[in-house]
Structure formats: C-alpha cells, structure tokens
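First up is the structure itself, then whatever we jot down about it.
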Amino acid sequence: MNAHTSLTSTPNYVVTSPTFQSRVIAVASGKGGVGKTNVAVNLGLALARRGLRVALLDADLGTANVDVILGLQPRYHLQHMVTGQKSLSEIVIDGPFGLQVIPGASGLPDLANLPQARREALFQALLTLDGTIDLLVIDTGAGVGEAVVQFVLAAGELLIVTNPEPTALTDAYALMKVVAGYQLPVAFKLVINSVKRHGEGEATGRRLIEVASRFLGQHVELLGCIPFDPSVSEAVREQFPLLQSRPYSPAAKSINRLAEQLWTGSSPSPTTTGVRGFLSKILSLTHRAVS
C-alpha cells in the first residue's frame with residue numbers, strides 16, 4: 001500500500017510505514033450554535049477540491065450531523081465500527097470533491113467511557129489513515145467536555161470557531177483556557193464566523209487574541225473571518241453543502257480563502273506526529289481520564 005492508496009480501499013487493520021505524516025486538525029467552538037460543523041465541513045471540501053486527500057471525522061459524540069449538512073445518508077457509522085460490526089473502509093462515505101467522510105453516531109459514549117476493547121478497535125482502524133491522507137479534520141462536539149478536550153490535545157492543532165456575540169466569545173475563551181491549562185503543545189487558530197459589519201470580525205479576533213496572550217500566555221493566530229450570509233442557512237436546510245450549492249456566495253469565498261491560508265500560510269503544530277501520534281496521545285489522555 002502506498003501513500004496514494006484511497007482510504008476506502010485500505011485493508012482492515014493493516015498498518016504500514018507512511019511516507020509522510022498526515023496533518024490532524026480539531027475543529028471546536030466552546031459552545032453550540034456558532035456554525036462549527038458547517039465550517040468544518042466546507043473547509044474540508046475546499047481543501048479536498050484543491051487536490052488534497054482529506055478525511056472528515058464526525059467526532060461529535062452527542063449530536064453527530066456532518067452527514068446531514070452534506071446531504072449524505074450513511075448506512076453505517078462510528079457505532080458500527082467501535083462495536084466491531086464494520087471496518088473503517090465499510091463505514092466511510094465518498095463526499096463531494098473526493099472528501100472522505102467518517103460518519104458519527106449520536107449518543108455514542110465519551111472515549112473515556114468506551115470499553116477498552118472498543119476504544120482500541122476504533123484507534124486501530126483510524127491508524128490505517130496515516131500516510132494515506134494529507135489531512136484529518138475532526139469535528140468535535142460543542143462545549144469543553146472531556147471528549148472535546150481529548151481530541152484537541154491529541155490533534156495538537158485547534159481551529160476555534162466563534163462569532164462576535166459576547167456569549168460565544170466567553171465560551172471560546174473558556175475552551176482556550178481549559179486547553180492551555182494542560183500545558184501541552186497545541187497550535188491555536190481562530191475563525192470569526194457570521195460577521196455582520198465591516199471590520200467587526202478582525203476587531204473581535206484581535207480582542208480575543210489579546211486576552212489569550214495576556215491571561216493565558218497563549219499565542220492565537222487569526223486565520224480569517226466569514227461574513228454573515230443567508231446562503232449558509234439555505235444550504236443547510238437544503239442539505240446541500242455551501243461550496244457546492246453556492247460557490248460564489250460571500251461565505252463560500254471566505255471559506256476558500258481560509259482553506260488557502262490554513263494549508264499554505266499557516267504553520268501546523270510544531271509537534272505534528274500524524275495520525276499515529278494523535279492516537280498515541282489520545283490513548284494516554286483517555287487512560288489518564290479513566291484512572
């Protein structure tokens with residue numbers, strides 16, 4: 001198996017030495033309702049359309065809905081994989097532009113509460129991704145729960161999605177504070193979504209960056225802003241992703257710029273170790289949570 005083998009054709013539980021390490025990015029928000037999943041989905045699509053091999057893992061263990069936004073109807077999902085009923089290659093769905101989607105399962109227990117055998121089955125399956133994709137995007141749940149923090153710390157690269165509302169900013173800061181408190185190397189990146197006035201997003205980003213630097217000693221990179229755009233909610237209602245249905249809308253154009261900045265103008269975590277390193281860290285964090 002070489003680095004160009006497609007995800008869906010990867011043999012079950014076969015681990016090879018990759019020619020490179022896949023980049024892993026966790027998308028989180030601190031609270032629901034700020035468009036986190038929509039940003040994760042369309043960012044993944046924008047990167048896949050550029051020819052990158054991108055896998056999107058729906059890791060919202062409470063209310064998985066990546067498939068809804070994409071208009072996909074998965075026959076199998078994460079629950080089938082962790083219970084050993086299906087392999088990774090059997091649950092993966094081909095999305096638009098070649099995006100590989102790993103459907104989540106609503107109501108799946110947190111990682112720390114999964115039986116050890118199921119946890120290991122999940123991680124062993126995900127390990128087959130290393131070297132077969134360029135990027136693994138993880139759409140985490142909302143809030144600052146244990147599972148969210150574990151995914152973020154293990155990924156080493158955090159994309160925080162928020163909006164200019166005070167409650168959203170407070171919760172985004174709370175997420176930063178929790179993650180920074182572990183004193184592990186995580187690259188913080190920020191996206192301000194649903195910006196309604198010119199300059200509002202940049203000003204909001206600067207304030208949050210200043211607070212994080214002053215009180216947490218944490219560097220945060222403002223990746224960009226996405227304007228408020230009725231096309232976004234229209235696309236969600238139609239279950240047809242924005243970048244496909246309205247590629248020239250203001251929000252779609254902004255997401256394309258974000259994708260370019262993320263991949264070419266933004267530095268990955270200084271400790272990027274691919275999917276293998278991600279899983280090694282998350283196993284350690286999960287063990288710590290259980291013990």
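Residue numbering restarts at 1 for every chain of the structure tokens, chains are lettered A, B, ... in their displayed order, and ligands are numbered from 1 as they appear.
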key: region 65-80 of chain A surroundings by only C-alpha atoms, 10 Å radius, close-in-sequence under 6 positions cut, as a ChimeraX atom specification   = /A:37-38,40-42,45,56-59,86-88,90-96,101-109,118,122,139,235-242,244
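The coordinates place CA of Leu135 (chain A) at 8.9 Å from CA of Gly274 (chain A).
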inquiry  = When you look at Leu258 (chain A) with a cut-off of 9 Å (counting only C-alpha atoms), what residues show up, excluding the ones that are within fewer than 3 positions of it in the same chain? I need them as number ranges by chain.
reply    = A: 43, 46, 191, 223-226, 253-255, 261-263
Take the residues that were just selected and, keeping all heavy atoms, output them as a compact mmCIF listing (two decimals), in the first residue's frame.
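The result, written out as again14.txt:
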# COMPACT_ATOMS: atom_id res chain seq x y z
N LEU A 43 -14.79 23.69 4.98
CA LEU A 43 -13.33 23.82 4.94
C LEU A 43 -12.72 22.53 4.39
O LEU A 43 -11.79 22.57 3.57
CB LEU A 43 -12.80 24.13 6.33
CG LEU A 43 -11.37 24.67 6.44
CD1 LEU A 43 -11.22 25.96 5.65
CD2 LEU A 43 -11.02 24.90 7.90
N ALA A 46 -13.30 22.51 0.70
CA ALA A 46 -12.43 23.46 0.00
C ALA A 46 -11.02 22.89 -0.17
O ALA A 46 -10.39 23.06 -1.22
CB ALA A 46 -12.39 24.78 0.76
N VAL A 191 -11.22 31.38 13.91
CA VAL A 191 -12.09 31.83 12.82
C VAL A 191 -13.29 32.54 13.44
O VAL A 191 -13.96 31.98 14.31
CB VAL A 191 -12.57 30.64 11.95
CG1 VAL A 191 -13.66 31.11 10.99
CG2 VAL A 191 -11.41 30.03 11.19
N LEU A 223 -7.03 33.16 11.74
CA LEU A 223 -6.97 32.58 10.40
C LEU A 223 -7.80 33.39 9.40
O LEU A 223 -7.43 33.53 8.24
CB LEU A 223 -7.48 31.13 10.44
CG LEU A 223 -7.04 30.22 9.30
CD1 LEU A 223 -5.54 30.01 9.32
CD2 LEU A 223 -7.75 28.87 9.41
N GLY A 224 -8.93 33.93 9.87
CA GLY A 224 -9.77 34.73 8.99
C GLY A 224 -11.18 34.87 9.53
O GLY A 224 -11.50 34.39 10.62
N CYS A 225 -12.03 35.51 8.73
CA CYS A 225 -13.42 35.77 9.12
C CYS A 225 -14.36 35.33 8.02
O CYS A 225 -14.00 35.32 6.83
CB CYS A 225 -13.63 37.26 9.40
SG CYS A 225 -12.48 37.97 10.62
N ILE A 226 -15.57 34.97 8.41
CA ILE A 226 -16.62 34.58 7.46
C ILE A 226 -17.81 35.50 7.68
O ILE A 226 -18.31 35.61 8.80
CB ILE A 226 -17.04 33.11 7.68
CG1 ILE A 226 -15.84 32.17 7.57
CG2 ILE A 226 -18.13 32.70 6.68
CD1 ILE A 226 -16.13 30.74 7.97
N LYS A 253 -16.71 32.12 -0.60
CA LYS A 253 -15.44 32.74 -0.99
C LYS A 253 -14.51 32.89 0.22
O LYS A 253 -13.30 32.65 0.12
CB LYS A 253 -15.70 34.11 -1.62
CG LYS A 253 -16.36 34.03 -2.99
CD LYS A 253 -16.61 35.43 -3.55
CE LYS A 253 -17.28 35.37 -4.92
NZ LYS A 253 -17.56 36.74 -5.44
N SER A 254 -15.09 33.27 1.36
CA SER A 254 -14.28 33.41 2.57
C SER A 254 -13.71 32.07 3.03
O SER A 254 -12.55 31.99 3.46
CB SER A 254 -15.12 34.03 3.69
OG SER A 254 -15.49 35.34 3.38
N ILE A 255 -14.51 31.03 2.94
CA ILE A 255 -14.05 29.70 3.34
C ILE A 255 -12.92 29.22 2.43
O ILE A 255 -11.96 28.59 2.89
CB ILE A 255 -15.23 28.71 3.36
CG1 ILE A 255 -16.16 29.04 4.54
CG2 ILE A 255 -14.73 27.26 3.47
CD1 ILE A 255 -17.46 28.28 4.53
N GLN A 261 -5.26 29.78 3.38
CA GLN A 261 -4.43 30.26 4.49
C GLN A 261 -4.05 29.12 5.43
O GLN A 261 -2.91 29.03 5.89
CB GLN A 261 -5.19 31.34 5.27
CG GLN A 261 -4.50 31.84 6.53
CD GLN A 261 -3.19 32.54 6.26
OE1 GLN A 261 -2.91 32.93 5.13
NE2 GLN A 261 -2.38 32.70 7.29
N LEU A 262 -5.00 28.24 5.71
CA LEU A 262 -4.73 27.13 6.62
C LEU A 262 -3.65 26.22 6.08
O LEU A 262 -2.78 25.76 6.84
CB LEU A 262 -6.02 26.33 6.85
CG LEU A 262 -5.91 25.11 7.76
CD1 LEU A 262 -5.61 25.54 9.19
CD2 LEU A 262 -7.20 24.29 7.73
N TRP A 263 -3.71 25.95 4.78
CA TRP A 263 -2.78 24.95 4.23
C TRP A 263 -1.43 25.53 3.83
O TRP A 263 -0.40 24.87 3.98
CB TRP A 263 -3.43 24.23 3.04
CG TRP A 263 -2.67 22.99 2.69
CD1 TRP A 263 -1.84 22.78 1.63
CD2 TRP A 263 -2.64 21.78 3.46
NE1 TRP A 263 -1.30 21.52 1.69
CE2 TRP A 263 -1.78 20.89 2.80
CE3 TRP A 263 -3.27 21.37 4.64
CZ2 TRP A 263 -1.53 19.60 3.27
CZ3 TRP A 263 -3.01 20.10 5.12
CH2 TRP A 263 -2.15 19.22 4.43
message = For the alpha helix (DSSP H) assignment from backbone DSSP, which residues of region 110-196 of chain A qualify? Please present them as an MDAnalysis selection string.
response = chainID A and resid 116:127 146:155 166:181
Test item: residues at most 7 Å from Val152 (chain A), only C-alpha atoms, excluding those fewer than 5 positions along its chain, as a VMD selection string = chain A and resid 26 157 to 158
Serialized selection, C-alpha atoms, as a PDB file, in the first residue's frame:
ATOM      1  CA  ALA A  26      -9.543  19.512  15.589  1.00  0.00           C
ATOM      2  CA  GLU A 157      -3.813  21.810  16.144  1.00  0.00           C
ATOM      3  CA  LEU A 158      -7.010  23.568  17.225  1.00  0.00           C
TER       4      LEU A 158
END
Contact residues around Gly277 (chain A) with only C-alpha atoms at 12 Å, ignoring same-chain residues under 4 positions, as a PyMOL selection string = chain A and resi 21-24+123+126-127+129-130+153-156+271-273+281-284
Preceding selection exported with C-alpha atoms as a PDB file, in the first residue's frame:
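For reference, part06.pdb as written:
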ATOM      1  CA  GLN A  21       2.701  12.139   8.418  1.00  0.00           C
ATOM      2  CA  SER A  22      -0.870  13.241   7.946  1.00  0.00           C
ATOM      3  CA  ARG A  23      -1.838  16.566   9.479  1.00  0.00           C
ATOM      4  CA  VAL A  24      -4.562  16.411  12.149  1.00  0.00           C
ATOM      5  CA  PHE A 123      -7.950   3.714  17.223  1.00  0.00           C
ATOM      6  CA  LEU A 126      -8.034   5.136  12.399  1.00  0.00           C
ATOM      7  CA  LEU A 127      -4.347   4.256  12.403  1.00  0.00           C
ATOM      8  CA  LEU A 129      -5.227   6.528   7.727  1.00  0.00           C
ATOM      9  CA  ASP A 130      -1.670   7.634   8.457  1.00  0.00           C
ATOM     10  CA  LEU A 153      -4.952  17.940  22.868  1.00  0.00           C
ATOM     11  CA  ALA A 154      -4.245  14.845  20.823  1.00  0.00           C
ATOM     12  CA  ALA A 155      -4.586  16.640  17.483  1.00  0.00           C
ATOM     13  CA  GLY A 156      -2.150  19.345  18.513  1.00  0.00           C
ATOM     14  CA  THR A 271       4.839  18.620  17.293  1.00  0.00           C
ATOM     15  CA  THR A 272       2.807  17.207  14.399  1.00  0.00           C
ATOM     16  CA  THR A 273       3.211  13.438  14.515  1.00  0.00           C
ATOM     17  CA  LYS A 281      -1.642  10.923  22.713  1.00  0.00           C
ATOM     18  CA  ILE A 282      -5.375  10.338  22.882  1.00  0.00           C
ATOM     19  CA  LEU A 283      -4.813   6.876  24.371  1.00  0.00           C
ATOM     20  CA  SER A 284      -2.611   8.449  27.030  1.00  0.00           C
TER      21      SER A 284
END
ask   = Pick from A:Val232, A:Leu285, A:Val179, A:Leu47: nearest to Ile133 (chain A), with only C-alpha atoms counted?
value =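 Looking at the shortest contact to Ile133 (chain A), the residue is A:Leu47.
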query = Leaving out Gly199 (chain A) and any residue of its chain fewer than 4 positions from it, which residues lie within 12 Å of it when counting only C-alpha atoms, given as a PyMOL selection string?
reply = chain A and resi 164+192+195+203-206+224-227
Atoms to include: C-alpha atoms. Write the selected residues as a PDB file, in the first residue's frame.
ATOM      1  CA  PRO A 164     -18.828  38.253  17.666  1.00  0.00           C
ATOM      2  CA  ILE A 192     -14.720  34.502  13.447  1.00  0.00           C
ATOM      3  CA  VAL A 195     -19.640  38.695  10.863  1.00  0.00           C
ATOM      4  CA  ALA A 203     -11.635  43.635  15.828  1.00  0.00           C
ATOM      5  CA  THR A 204     -13.263  40.716  17.633  1.00  0.00           C
ATOM      6  CA  GLY A 205     -10.357  38.441  16.765  1.00  0.00           C
ATOM      7  CA  ARG A 206      -7.777  40.960  17.989  1.00  0.00           C
ATOM      8  CA  GLY A 224      -9.771  34.731   8.989  1.00  0.00           C
ATOM      9  CA  CYS A 225     -13.418  35.772   9.124  1.00  0.00           C
ATOM     10  CA  ILE A 226     -16.619  34.575   7.464  1.00  0.00           C
ATOM     11  CA  PRO A 227     -19.405  37.096   6.815  1.00  0.00           C
TER      12      PRO A 227
END
ask   = DSSP says strand (DSSP E or B) for which residues of region 92-223 of chain A? Put them as a ChimeraX atom specification?
value = /A:93-94,100-102,135-140,157-162,187-195,220-223
